[in-house]
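As stored in work36.csv (CSV, C-alpha atoms):
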chain,number,residue,atom,x,y,z
A,1,ILE,CA,-19.4,62.3,80.2
A,2,GLY,CA,-19.6,66.1,79.9
A,3,GLU,CA,-21.8,68.3,77.9
A,4,LYS,CA,-19.5,68.9,75.0
A,5,ARG,CA,-18.4,65.3,74.7
A,6,GLN,CA,-22.0,64.1,74.8
A,7,TYR,CA,-23.2,66.4,72.0
A,8,ALA,CA,-20.2,65.4,69.9
A,9,LEU,CA,-21.2,61.8,70.3
A,10,TYR,CA,-24.8,62.7,69.4
A,11,LYS,CA,-23.6,64.3,66.2
A,12,GLU,CA,-21.2,61.4,65.3
A,13,HIS,CA,-23.4,58.4,66.1
A,14,GLY,CA,-27.0,59.7,66.6
A,15,ILE,CA,-28.9,60.2,69.8
A,16,ASP,CA,-30.5,56.7,70.0
A,17,VAL,CA,-27.2,54.9,69.4
A,18,VAL,CA,-25.5,56.9,72.2
A,19,LYS,CA,-28.3,56.5,74.7
A,20,ASN,CA,-28.8,52.8,74.0
A,21,THR,CA,-25.2,51.6,73.6
A,22,MET,CA,-22.9,54.1,75.2
A,23,LEU,CA,-22.6,56.1,78.5
A,24,TRP,CA,-24.0,59.5,78.6
A,25,LYS,CA,-24.6,62.1,81.4
A,26,HIS,CA,-28.0,60.6,82.5
A,27,SER,CA,-27.1,56.9,82.1
A,28,SER,CA,-29.0,54.7,84.7
A,29,ALA,CA,-27.2,52.4,87.1
A,30,HIS,CA,-28.3,49.5,84.9
A,31,ASN,CA,-26.9,51.1,81.7
A,32,ILE,CA,-23.5,51.8,83.4
A,33,TYR,CA,-23.4,48.3,84.9
A,34,SER,CA,-24.1,46.7,81.6
A,35,PHE,CA,-21.5,48.8,79.9
A,36,LEU,CA,-18.7,48.3,82.5
A,37,GLY,CA,-19.4,44.7,83.6
A,38,LYS,CA,-19.5,43.6,87.3
A,39,SER,CA,-15.8,43.6,88.0
A,40,GLU,CA,-15.3,47.1,86.7
A,41,TRP,CA,-18.5,48.3,88.3
A,42,ASP,CA,-17.4,47.0,91.7
A,43,ARG,CA,-14.2,49.1,91.5
A,44,TYR,CA,-16.0,52.4,91.5
A,45,LYS,CA,-17.5,54.5,94.3
A,46,LYS,CA,-21.1,55.3,93.3
A,47,PHE,CA,-23.5,58.0,94.2
A,48,SER,CA,-26.7,59.5,92.7
A,49,ILE,CA,-28.6,62.8,93.0
A,50,VAL,CA,-32.4,62.8,93.0
A,51,ARG,CA,-35.0,65.6,93.4
A,52,ASP,CA,-38.6,66.3,94.2
A,53,PRO,CA,-40.6,65.1,91.1
A,54,ILE,CA,-42.7,68.2,90.9
A,55,ASP,CA,-39.6,70.3,91.0
A,56,LEU,CA,-38.1,67.9,88.4
A,57,MET,CA,-41.0,68.4,86.0
A,58,LYS,CA,-41.0,72.2,86.3
A,59,SER,CA,-37.2,72.3,85.7
A,60,LEU,CA,-37.6,70.0,82.7
A,61,TYR,CA,-40.3,72.3,81.3
A,62,PHE,CA,-38.1,75.4,81.6
A,63,PHE,CA,-35.1,73.5,80.3
A,64,SER,CA,-37.1,72.4,77.2
A,65,ALA,CA,-38.1,76.0,76.6
A,66,ARG,CA,-34.5,77.0,76.6
A,67,ILE,CA,-33.4,74.2,74.2
A,68,LYS,CA,-36.2,75.2,71.9
A,69,GLN,CA,-35.2,78.9,72.0
A,70,ASN,CA,-31.5,78.2,71.6
A,71,HIS,CA,-31.5,75.5,69.0
A,72,LEU,CA,-34.8,75.8,67.0
A,73,LYS,CA,-35.4,79.5,67.3
A,74,ASP,CA,-37.9,80.4,64.5
A,75,GLU,CA,-37.9,76.9,63.0
A,76,ILE,CA,-41.2,75.9,64.5
A,77,ASN,CA,-43.5,75.2,61.6
A,78,LYS,CA,-46.8,74.2,63.3
A,79,GLN,CA,-48.2,72.3,60.3
A,80,GLU,CA,-45.0,70.3,59.9
A,81,TRP,CA,-44.8,69.6,63.7
A,82,ARG,CA,-48.4,68.4,63.7
A,83,GLY,CA,-47.5,65.9,61.0
A,84,TRP,CA,-44.6,64.7,63.0
A,85,ILE,CA,-46.7,64.4,66.1
A,86,GLN,CA,-49.4,62.5,64.3
A,87,ARG,CA,-47.0,60.1,62.5
A,88,GLY,CA,-44.3,59.9,65.1
A,89,ASN,CA,-41.6,60.4,62.5
A,90,TYR,CA,-39.5,63.3,63.8
A,91,PRO,CA,-36.1,64.3,62.2
A,92,MET,CA,-33.4,61.7,63.2
A,93,TYR,CA,-31.0,64.2,64.8
A,94,TRP,CA,-30.7,66.2,68.0
A,95,PRO,CA,-32.6,67.9,69.5
A,96,TYR,CA,-35.7,66.6,67.7
A,97,GLN,CA,-35.1,63.1,69.1
A,98,GLU,CA,-35.5,64.4,72.7
A,99,TYR,CA,-38.8,63.4,74.1
A,100,TYR,CA,-39.0,66.4,76.5
A,101,LEU,CA,-38.5,68.8,73.5
A,102,ARG,CA,-41.3,67.1,71.5
A,103,SER,CA,-43.6,67.3,74.5
A,104,TYR,CA,-42.8,71.0,75.0
A,105,VAL,CA,-43.3,72.0,71.4
A,106,ARG,CA,-46.5,70.0,71.3
A,107,SER,CA,-47.8,71.9,74.4
A,108,GLU,CA,-46.8,75.1,72.8
A,109,ILE,CA,-48.7,74.3,69.5
A,110,GLU,CA,-51.7,73.1,71.4
A,111,GLU,CA,-51.5,76.0,73.8
A,112,THR,CA,-51.7,73.7,76.8
A,113,GLY,CA,-48.6,75.0,78.7
A,114,PHE,CA,-47.1,73.1,81.6
A,115,GLU,CA,-50.3,71.0,82.1
A,116,GLY,CA,-50.1,69.7,78.5
A,117,PHE,CA,-46.4,69.1,78.8
A,118,VAL,CA,-46.8,67.0,81.9
A,119,LYS,CA,-49.8,65.0,80.5
A,120,ASN,CA,-48.0,64.2,77.2
A,121,ILE,CA,-44.6,63.3,78.6
A,122,VAL,CA,-45.9,61.3,81.5
A,123,MET,CA,-48.9,59.6,79.8
A,124,ASN,CA,-46.5,58.4,77.1
A,125,ASP,CA,-44.2,57.0,79.7
A,126,TYR,CA,-41.2,58.5,78.1
A,127,PRO,CA,-37.9,57.2,79.6
A,128,CYS,CA,-36.6,60.6,80.5
A,129,VAL,CA,-39.2,60.9,83.3
A,130,CYS,CA,-39.2,57.4,84.6
A,131,PRO,CA,-39.4,57.1,88.4
A,132,GLN,CA,-35.9,57.9,89.8
A,133,VAL,CA,-35.7,54.8,91.9
A,134,ASN,CA,-35.8,52.7,88.7
A,135,ARG,CA,-32.5,54.3,87.7
A,136,LEU,CA,-30.7,53.4,91.0
A,137,ARG,CA,-30.4,49.6,90.7
A,138,PRO,CA,-27.7,48.1,88.4
A,139,THR,CA,-29.4,44.7,88.1
A,140,PHE,CA,-32.6,43.1,89.4
A,141,PHE,CA,-30.7,41.2,92.1
A,142,ALA,CA,-28.1,43.8,93.0
A,143,PRO,CA,-28.8,46.4,95.7
A,144,ASP,CA,-29.5,50.0,94.9
A,145,ILE,CA,-26.8,52.6,94.9
A,146,GLY,CA,-26.2,53.3,98.5
A,147,TYR,CA,-25.2,56.9,98.5
A,148,VAL,CA,-28.1,59.1,97.4
A,149,ILE,CA,-28.7,62.7,98.1
A,150,ASP,CA,-31.4,65.2,97.2
A,151,LEU,CA,-30.5,68.1,94.8
A,152,SER,CA,-31.6,70.6,97.5
A,153,GLN,CA,-28.8,69.2,99.7
A,154,LEU,CA,-26.0,69.4,97.1
A,155,ASP,CA,-24.4,72.6,98.2
A,156,GLU,CA,-24.3,71.7,101.9
A,157,ARG,CA,-23.1,68.1,101.2
A,158,TRP,CA,-20.7,68.9,98.4
A,159,GLU,CA,-17.5,68.6,100.5
A,160,GLU,CA,-18.8,65.2,101.8
A,161,MET,CA,-19.3,64.0,98.2
A,162,THR,CA,-15.8,65.1,97.0
A,163,HIS,CA,-14.3,63.2,99.9
A,164,LEU,CA,-16.4,60.1,98.9
A,165,MET,CA,-14.9,60.5,95.3
A,166,GLY,CA,-11.4,60.6,96.7
A,167,PHE,CA,-10.6,64.3,96.3
A,168,LYS,CA,-8.5,65.8,99.1
A,169,ASP,CA,-8.7,69.4,97.9
A,170,ASN,CA,-11.9,71.5,97.7
A,171,ILE,CA,-13.4,71.3,94.3
A,172,LYS,CA,-15.6,74.1,93.1
A,173,LEU,CA,-19.2,73.2,92.4
A,174,ASP,CA,-20.4,74.9,89.2
A,175,HIS,CA,-24.2,74.9,88.5
A,176,LEU,CA,-24.7,74.2,84.8
A,177,ASN,CA,-28.0,74.3,83.0
A,178,ALA,CA,-29.6,75.9,86.1
A,179,THR,CA,-33.3,76.5,85.4
A,180,GLU,CA,-35.7,79.2,86.5
A,181,ARG,CA,-36.7,77.7,89.8
A,182,ASN,CA,-38.4,80.8,91.2
A,183,LYS,CA,-40.6,81.3,88.1
A,184,GLU,CA,-44.2,80.6,88.9
A,185,ILE,CA,-46.1,77.9,87.1
A,186,ASP,CA,-49.9,77.4,87.4
A,187,MET,CA,-50.5,73.7,88.2
A,188,SER,CA,-53.9,72.2,88.7
A,189,LYS,CA,-54.7,69.6,91.3
A,190,LYS,CA,-55.2,67.1,88.4
A,191,THR,CA,-51.7,67.7,87.0
A,192,GLU,CA,-50.2,67.4,90.5
A,193,LYS,CA,-52.0,64.1,90.9
A,194,ILE,CA,-50.6,62.9,87.6
A,195,ILE,CA,-47.1,63.7,88.7
A,196,ARG,CA,-47.5,62.1,92.2
A,197,HIS,CA,-49.1,59.0,90.8
A,198,HIS,CA,-46.4,58.5,88.1
A,199,PHE,CA,-43.6,59.0,90.7
A,200,ALA,CA,-45.3,57.2,93.5
A,201,LYS,CA,-42.3,55.0,94.2
A,202,ASP,CA,-40.1,58.0,94.5
A,203,TYR,CA,-42.4,59.7,97.0
A,204,LYS,CA,-42.6,56.5,99.0
A,205,THR,CA,-38.8,55.8,99.1
A,206,LEU,CA,-36.5,58.7,98.4
A,207,PRO,CA,-37.4,61.3,101.1
A,208,TYR,CA,-36.8,58.5,103.6
A,209,ILE,CA,-33.4,57.7,102.1
A,210,THR,CA,-32.2,61.3,101.7
A,211,GLY,CA,-33.9,63.0,104.6
A,212,ALA,CA,-35.2,65.7,102.3
A,213,GLU,CA,-38.6,67.3,102.6
A,214,TRP,CA,-40.6,67.2,99.4
A,215,GLN,CA,-43.7,69.2,98.5

Rewrite the structure of this file - the entire thing - as structure tokens.
Amino acid sequence: IGEKRQYALYKEHGIDVVKNTMLWKHSSAHNIYSFLGKSEWDRYKKFSIVRDPIDLMKSLYFFSARIKQNHLKDEINKQEWRGWIQRGNYPMYWPYQEYYLRSYVRSEIEETGFEGFVKNIVMNDYPCVCPQVNRLRPTFFAPDIGYVIDLSQLDERWEEMTHLMGFKDNIKLDHLNATERNKEIDMSKKTEKIIRHHFAKDYKTLPYITGAEWQ
């Protein structure tokens, strides 16, 4: 599912319908398995890409800022947003239904920055930031997806991945939605602890699987 197709589905069916009943670009292994069924699932070669949770949260913060800038622009009415936050009844269309955007705008209104963004999005246990290992198992009894690499390894292992997918020719790797990785973010020890606690299963398992060195 590509970017353009996904947003077309959002517009036609609504974001909740798409994410709960269809495939989209961040579908979990369980969602895909449920949609395809076992026989169809078994036909496919499967891989997943994971990343350091601290890097993930920083990237999501900058991505949220870009979505807000590109799609909401000057539409932030603080009083209106405070009402939505208090009542939980946001507009029923994209991008207002994205939990990361809600958390970002709330942190902006409350002037809490990255710290407030992390606290809100993690403490509310929003599905967009669930531990990554939870997304790798199609069913409770089935094994996890076997081929998992870290995002930091993507360039160097891209040829390996294209061969896994059955491509004989070199396929160009385009980096879409690249975020400002080098931009500094002030992060307290408390916020770092929140992230590490929330993604504890990832820190315990994924560096061992991928061989990547996380912060």

#### Entry: Selection: 7 Å around range 113-128 of chain A, only C-alpha atoms, excl. self and same-chain fewer than 6 positions, as a ChimeraX atom specification
/A:61,99-100,103-104,107,187,191

### Task
May I ask for the distance between CA of Arg106 in chain A and CA of Trp94 in chain A, given in Å to one decimal place?
16.6 Å

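In terms of minimum interatomic distance to Leu36 in chain A, A:Pro138 ranks closest within A:Glu192, A:Leu164, A:Pro131, A:Pro138, counting only C-alpha atoms.
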
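When all atoms listed in the file are used to compute distances to Lys68 in chain A, the closest of the residues A:Tyr96, A:Phe47, A:Tyr147, A:Trp41 turns out to be A:Tyr96.
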
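With all atoms listed in the file as the basis for measurement, A:Ile15 is the residue among A:Ile49, A:Met22, A:Ile109, A:Ile15 that approaches Pro91 in chain A most closely.
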
### Task
Please identify all polymer residues within 12 Å of Lys172 in chain A, counting all atoms listed in the file, omitting same-chain residues fewer than 2 positions from it, and present them as an NGL selection string.
:A and (155 or 158-159 or 161-162 or 167 or 169-170 or 174-175)
